Amino acid sequence: MLTGGVSSLCVTIYIILCLYTVGHGKKIVSDTKDDDESASKSLTFFHYGTVSPLANLSSIIFRNYDSGVRPYCTGEQEIVDLSVDLAVRQLIDLDEPNQIVTMNVWMRLAWRDCQLTWDPNEFEGITVLRVPYSRLWIPDIALYERVSDEFYGLKDYPVQLHADGSVEYNFPSTVQVVCNVDVTNFPSDTQVCPLQFSSWTYHGLHLNITSNNMAADLSNLKENVEWIIRGGPAHRRVSYFNSIPYPYPDVTFNIFLERKPRYYVTNILVPSFLITCIAILGFLLPVDSGEKIGLELTVMLAISVFQLLVADKLPPSSFSTPWIVVYFNFTLFISGIASFIQVIVLNLHHRADQQMSEWIVFNVLQPLATITFIDVPGFTACRCISKQDENMIKQKIFIPEDAQLWILLAKCVDRLGLMLFLLTFSVGTGIIFASF
């Protein structure tokens with residue numbers, strides 16, 4: 001019984017060892033070492049599964065490859081031609097006060113690595129191989145004026161190799177770059193945000209940077225609520241620096257942004273225009289109501305609130321002044337003048353205890369009454385009156401008392417202020433909007 005149990009245990013161990021060696025593709029060699037022939041006969045191979053052609057290709061082409069060295073082969077040109085293209089997927093935000101634009105882009109890099117070529121006929125017709133980013137040399141492409149610390153997505157996606165050595169590296173990224181904002185025509189302004197790509201290490205005799213399409217791809221663009229991307233033309237530039245005899249090429253994509261003005265027109269411009277029009281009512285209110293100055297001051301405060309809303313949206317630039325800010329300053333100015341006129345009107349209206357001089361009657365009251373079409377008893381439409389009528393007016397035979405004269409003068413000033421306000425507001429608004 002004991003002998004049978006030991007035999008069963010040995011058989012079980014032998015089967016496990018055989019399965020283990022077969023499962024790991026190992027070889028078992030006999031201990032007989034008599035001669036080479038007996039050794040070759042005793043050699044036995046156990047295979048598990050099949051060898052992947054992709055793995056075989058990868059192991060062969062990367063056998064003596066160094067990912068830290070720029071590709072250079074005997075008989076090949078030393079310059080590596082790098083094509084930089086991109087597709088704009090989405091405009092995330094344009095921060096005007098800080099002048100920073102954030103976009104979601106799809107980068108498309110292409111070059112040729114002469115060390116990574118193969119014959120597809122020798123590898124079962126394989127023409128494309130995808131490998132991790134870290135396995136091959138990648139051009140050190142840099143985005144100038146970048147705000148973020150790193151180029152997001154550059155090291156996170158596989159690279160596509162072709163049998164002729166061409167390499168394609170496509171990856172999504174979120175870029176944040178400085179974009180100088182010109183808000184002169186706000187809210188109907190157009191901005192240009194450049195994305196400049198160049199090598200940080202290699203000069204133009206080692207890495208030649210260009211673009212195949214010479215324009216950003218906008219076919220997959222997602223719409224933004226505030227901005228419209230009108231285009232993204234690219235241009236190539238070669239720069240030279242002092243005491244450096246090598247060229248440094250770069251490719252710049254100029255992203256043209258056009259603002260949608262409807263929101264600002266509906267929520268800022270139209271309300272501010274209507275509020276300024278309310279200032280006209282201040283001239284129509286009776287003096288006894290006591291609300292003439294209060295209404296004008298309320299209009300000024302409301303316009304100031306709209307001006308602050310716009311100021312929070314714009315960068316603190318001293319190079320240009322937005323026309324909308326000019327418009328707000330203009331409306332504040334004429335509202336302030338309207339308040340000043342109302343103060344004069346109230347002052348004149350309440351001078352019942354003071355006597356009006358003849359000079360004011362003939363040189364101020366009468367001309368103002370004529371201009372503002374206000375009827376004053378004792379005055380004719382013509383300034384030239386007879387000597388007898390003038391003596392009668394001086395003796396106050398048929399003219400109002402002093403209190404009534406001051407009230408009429410206040411009414412004339414109020415009417416004149418209304419006329420000047422309407423004229424100035426209409427002409428100024430037209431000039432500002434026409435210049436826009």
# chains A, B, ... in the order shown; residues from 1 in each chain; ligands from 1
call {"tool": "select_by_dssp", "arguments": {"residues": "segment 155-356 of chain A", "states": "helix (DSSP H, G or I)", "output": "ChimeraX atom specification"}}
result
/A:262-278,281-284,287-289,292-313,323-349
call {"tool": "residues_around", "arguments": {"residues": "segment 348-352 of chain A", "least_positions_apart": "4", "cutoff": "12 Å", "atoms": "only C-alpha atoms", "output": "PyMOL selection string"}}
result
chain A and resi 286-288+290+341-344+356+365+400-414
call {"tool": "write_last_selection", "arguments": {"atoms": "N, CA, C and O atoms", "output": "mmCIF file, in the first residue's frame"}}
result
data_model
loop_
_atom_site.group_PDB
_atom_site.id
_atom_site.type_symbol
_atom_site.label_atom_id
_atom_site.label_comp_id
_atom_site.auth_asym_id
_atom_site.auth_seq_id
_atom_site.Cartn_x
_atom_site.Cartn_y
_atom_site.Cartn_z
ATOM 1 N N PRO A 286 -41.735 118.788 -13.457
ATOM 2 C CA PRO A 286 -41.937 120.121 -12.852
ATOM 3 C C PRO A 286 -40.920 120.376 -11.753
ATOM 4 O O PRO A 286 -40.489 119.451 -11.055
ATOM 5 N N VAL A 287 -40.550 121.618 -11.628
ATOM 6 C CA VAL A 287 -39.560 121.964 -10.608
ATOM 7 C C VAL A 287 -40.091 121.676 -9.217
ATOM 8 O O VAL A 287 -39.339 121.252 -8.324
ATOM 9 N N ASP A 288 -41.381 121.874 -9.006
ATOM 10 C CA ASP A 288 -41.961 121.678 -7.683
ATOM 11 C C ASP A 288 -41.990 120.221 -7.254
ATOM 12 O O ASP A 288 -42.247 119.926 -6.088
ATOM 13 N N GLY A 290 -39.489 118.224 -7.076
ATOM 14 C CA GLY A 290 -38.315 117.951 -6.250
ATOM 15 C C GLY A 290 -37.529 116.723 -6.652
ATOM 16 O O GLY A 290 -36.681 116.262 -5.889
ATOM 17 N N ILE A 341 -27.356 121.462 -15.006
ATOM 18 C CA ILE A 341 -28.397 122.354 -15.525
ATOM 19 C C ILE A 341 -29.602 122.371 -14.591
ATOM 20 O O ILE A 341 -30.210 123.433 -14.347
ATOM 21 N N GLN A 342 -29.949 121.198 -14.044
ATOM 22 C CA GLN A 342 -31.085 121.149 -13.125
ATOM 23 C C GLN A 342 -30.821 121.952 -11.855
ATOM 24 O O GLN A 342 -31.740 122.568 -11.282
ATOM 25 N N VAL A 343 -29.596 121.970 -11.414
ATOM 26 C CA VAL A 343 -29.238 122.789 -10.255
ATOM 27 C C VAL A 343 -29.454 124.267 -10.576
ATOM 28 O O VAL A 343 -29.995 125.042 -9.758
ATOM 29 N N ILE A 344 -29.045 124.703 -11.768
ATOM 30 C CA ILE A 344 -29.249 126.094 -12.180
ATOM 31 C C ILE A 344 -30.737 126.410 -12.270
ATOM 32 O O ILE A 344 -31.195 127.491 -11.835
ATOM 33 N N MET A 356 -34.955 141.111 -10.557
ATOM 34 C CA MET A 356 -34.240 140.817 -11.796
ATOM 35 C C MET A 356 -33.822 142.124 -12.457
ATOM 36 O O MET A 356 -34.645 143.015 -12.679
ATOM 37 N N LEU A 365 -33.085 136.834 -20.650
ATOM 38 C CA LEU A 365 -34.430 136.271 -20.687
ATOM 39 C C LEU A 365 -35.056 136.356 -22.071
ATOM 40 O O LEU A 365 -35.601 135.367 -22.583
ATOM 41 N N PRO A 400 -44.643 140.633 -16.055
ATOM 42 C CA PRO A 400 -44.851 139.977 -14.769
ATOM 43 C C PRO A 400 -43.947 140.545 -13.687
ATOM 44 O O PRO A 400 -42.987 141.271 -13.941
ATOM 45 N N GLU A 401 -44.250 140.142 -12.472
ATOM 46 C CA GLU A 401 -43.430 140.522 -11.329
ATOM 47 C C GLU A 401 -42.096 139.770 -11.382
ATOM 48 O O GLU A 401 -41.895 138.853 -12.184
ATOM 49 N N ASP A 402 -41.181 140.172 -10.477
ATOM 50 C CA ASP A 402 -39.845 139.553 -10.468
ATOM 51 C C ASP A 402 -39.909 138.048 -10.242
ATOM 52 O O ASP A 402 -39.165 137.274 -10.879
ATOM 53 N N ALA A 403 -40.765 137.617 -9.322
ATOM 54 C CA ALA A 403 -40.861 136.179 -9.045
ATOM 55 C C ALA A 403 -41.260 135.408 -10.297
ATOM 56 O O ALA A 403 -40.703 134.346 -10.623
ATOM 57 N N GLN A 404 -42.210 135.976 -11.056
ATOM 58 C CA GLN A 404 -42.648 135.301 -12.269
ATOM 59 C C GLN A 404 -41.571 135.341 -13.348
ATOM 60 O O GLN A 404 -41.412 134.400 -14.129
ATOM 61 N N LEU A 405 -40.803 136.423 -13.360
ATOM 62 C CA LEU A 405 -39.701 136.505 -14.324
ATOM 63 C C LEU A 405 -38.637 135.440 -14.053
ATOM 64 O O LEU A 405 -38.104 134.820 -14.982
ATOM 65 N N TRP A 406 -38.292 135.243 -12.786
ATOM 66 C CA TRP A 406 -37.322 134.193 -12.455
ATOM 67 C C TRP A 406 -37.854 132.811 -12.833
ATOM 68 O O TRP A 406 -37.102 131.956 -13.329
ATOM 69 N N ILE A 407 -39.125 132.573 -12.619
ATOM 70 C CA ILE A 407 -39.720 131.284 -12.995
ATOM 71 C C ILE A 407 -39.665 131.085 -14.503
ATOM 72 O O ILE A 407 -39.347 129.999 -15.006
ATOM 73 N N LEU A 408 -39.970 132.177 -15.259
ATOM 74 C CA LEU A 408 -39.897 132.074 -16.708
ATOM 75 C C LEU A 408 -38.458 131.847 -17.176
ATOM 76 O O LEU A 408 -38.219 131.077 -18.129
ATOM 77 N N LEU A 409 -37.501 132.520 -16.521
ATOM 78 C CA LEU A 409 -36.093 132.312 -16.881
ATOM 79 C C LEU A 409 -35.669 130.867 -16.594
ATOM 80 O O LEU A 409 -34.947 130.243 -17.395
ATOM 81 N N ALA A 410 -36.095 130.326 -15.453
ATOM 82 C CA ALA A 410 -35.784 128.924 -15.136
ATOM 83 C C ALA A 410 -36.389 127.990 -16.173
ATOM 84 O O ALA A 410 -35.770 127.005 -16.601
ATOM 85 N N LYS A 411 -37.604 128.294 -16.619
ATOM 86 C CA LYS A 411 -38.248 127.474 -17.635
ATOM 87 C C LYS A 411 -37.496 127.548 -18.959
ATOM 88 O O LYS A 411 -37.330 126.534 -19.670
ATOM 89 N N CYS A 412 -37.008 128.737 -19.302
ATOM 90 C CA CYS A 412 -36.223 128.879 -20.530
ATOM 91 C C CYS A 412 -34.918 128.080 -20.461
ATOM 92 O O CYS A 412 -34.524 127.404 -21.422
ATOM 93 N N VAL A 413 -34.234 128.157 -19.328
ATOM 94 C CA VAL A 413 -32.981 127.401 -19.164
ATOM 95 C C VAL A 413 -33.247 125.905 -19.214
ATOM 96 O O VAL A 413 -32.489 125.129 -19.823
ATOM 97 N N ASP A 414 -34.358 125.474 -18.596
ATOM 98 C CA ASP A 414 -34.713 124.061 -18.621
ATOM 99 C C ASP A 414 -34.997 123.594 -20.047
ATOM 100 O O ASP A 414 -34.549 122.525 -20.473
#
call {"tool": "residues_around", "arguments": {"residues": "segment 149-156 of chain A", "least_positions_apart": "6", "cutoff": "12 Å", "atoms": "only C-alpha atoms", "output": "PyMOL selection string"}}
result
chain A and resi 103-109+131-143+169-177+197
call {"tool": "closest_residue", "arguments": {"among": "A:Leu297, A:Ile228, A:Leu207, A:Leu257", "to": "Val192 of chain A", "atoms": "only C-alpha atoms"}}
result
A:Leu257
call {"tool": "closest_residue", "arguments": {"among": "A:Val101, A:Cys114, A:Val159, A:Ile432", "to": "Arg70 of chain A", "atoms": "only C-alpha atoms"}}
result
A:Cys114
call {"tool": "residues_around", "arguments": {"residues": "Pro71 of chain A", "least_positions_apart": "2", "cutoff": "8 Å", "atoms": "only C-alpha atoms", "output": "list in words"}}
result
Val69, Cys73, Val80, Asp113, Cys114, Gln115 and Trp137 of chain A
call {"tool": "select_by_dssp", "arguments": {"residues": "segment 123-310 of chain A", "states": "strand (DSSP E or B)", "output": "PyMOL selection string"}}
result
chain A and resi 128-131+141-143+146+159-162+166-178+190-199+207-210+215+217+222+227-231+233-241+244-259
call {"tool": "closest_atom_pairs", "arguments": {"of": "segment 135-215 of chain A", "to": "segment 124-130 of chain A", "cutoff": "6 Å", "atoms": "only C-alpha atoms", "output": "tab-separated table"}}
result
residue	atom	partner	partner_atom	distance
A:Val159	CA	A:Arg130	CA	5.5
A:Gln160	CA	A:Arg130	CA	4.5
A:Leu161	CA	A:Leu129	CA	5.0
A:His162	CA	A:Val128	CA	4.7
A:Ala163	CA	A:Thr127	CA	5.1
call {"tool": "atom_distance", "arguments": {"atom1": "atom CA of Pro261 of chain A", "atom2": "atom CA of Ser188 of chain A"}}
result
5.4 Å
call {"tool": "atom_distance", "arguments": {"atom1": "atom CA of Phe340 of chain A", "atom2": "atom CA of Lys292 of chain A"}}
result
10.7 Å
call {"tool": "atom_distance", "arguments": {"atom1": "atom CA of Ile229 of chain A", "atom2": "atom CA of Glu258 of chain A"}}
result
6.3 Å
call {"tool": "closest_residue", "arguments": {"among": "A:Asn212, A:Gln77, A:Asn180, A:Ser289", "to": "Asn98 of chain A", "atoms": "only C-alpha atoms"}}
result
A:Asn180
call {"tool": "residues_around", "arguments": {"residues": "Pro249 of chain A", "least_positions_apart": "4", "cutoff": "10 Å", "atoms": "only C-alpha atoms", "output": "number ranges by chain"}}
result
A: 197-199, 202-205, 207-210, 236-240
call {"tool": "closest_residue", "arguments": {"among": "A:Leu116, A:Ala216, A:Lys260, A:Pro316", "to": "Ser59 of chain A", "atoms": "only C-alpha atoms"}}
result
A:Leu116
call {"tool": "closest_residue", "arguments": {"among": "A:Trp359, A:Leu420, A:Ile255, A:Arg262", "to": "Ile337 of chain A", "atoms": "only C-alpha atoms"}}
result
A:Leu420
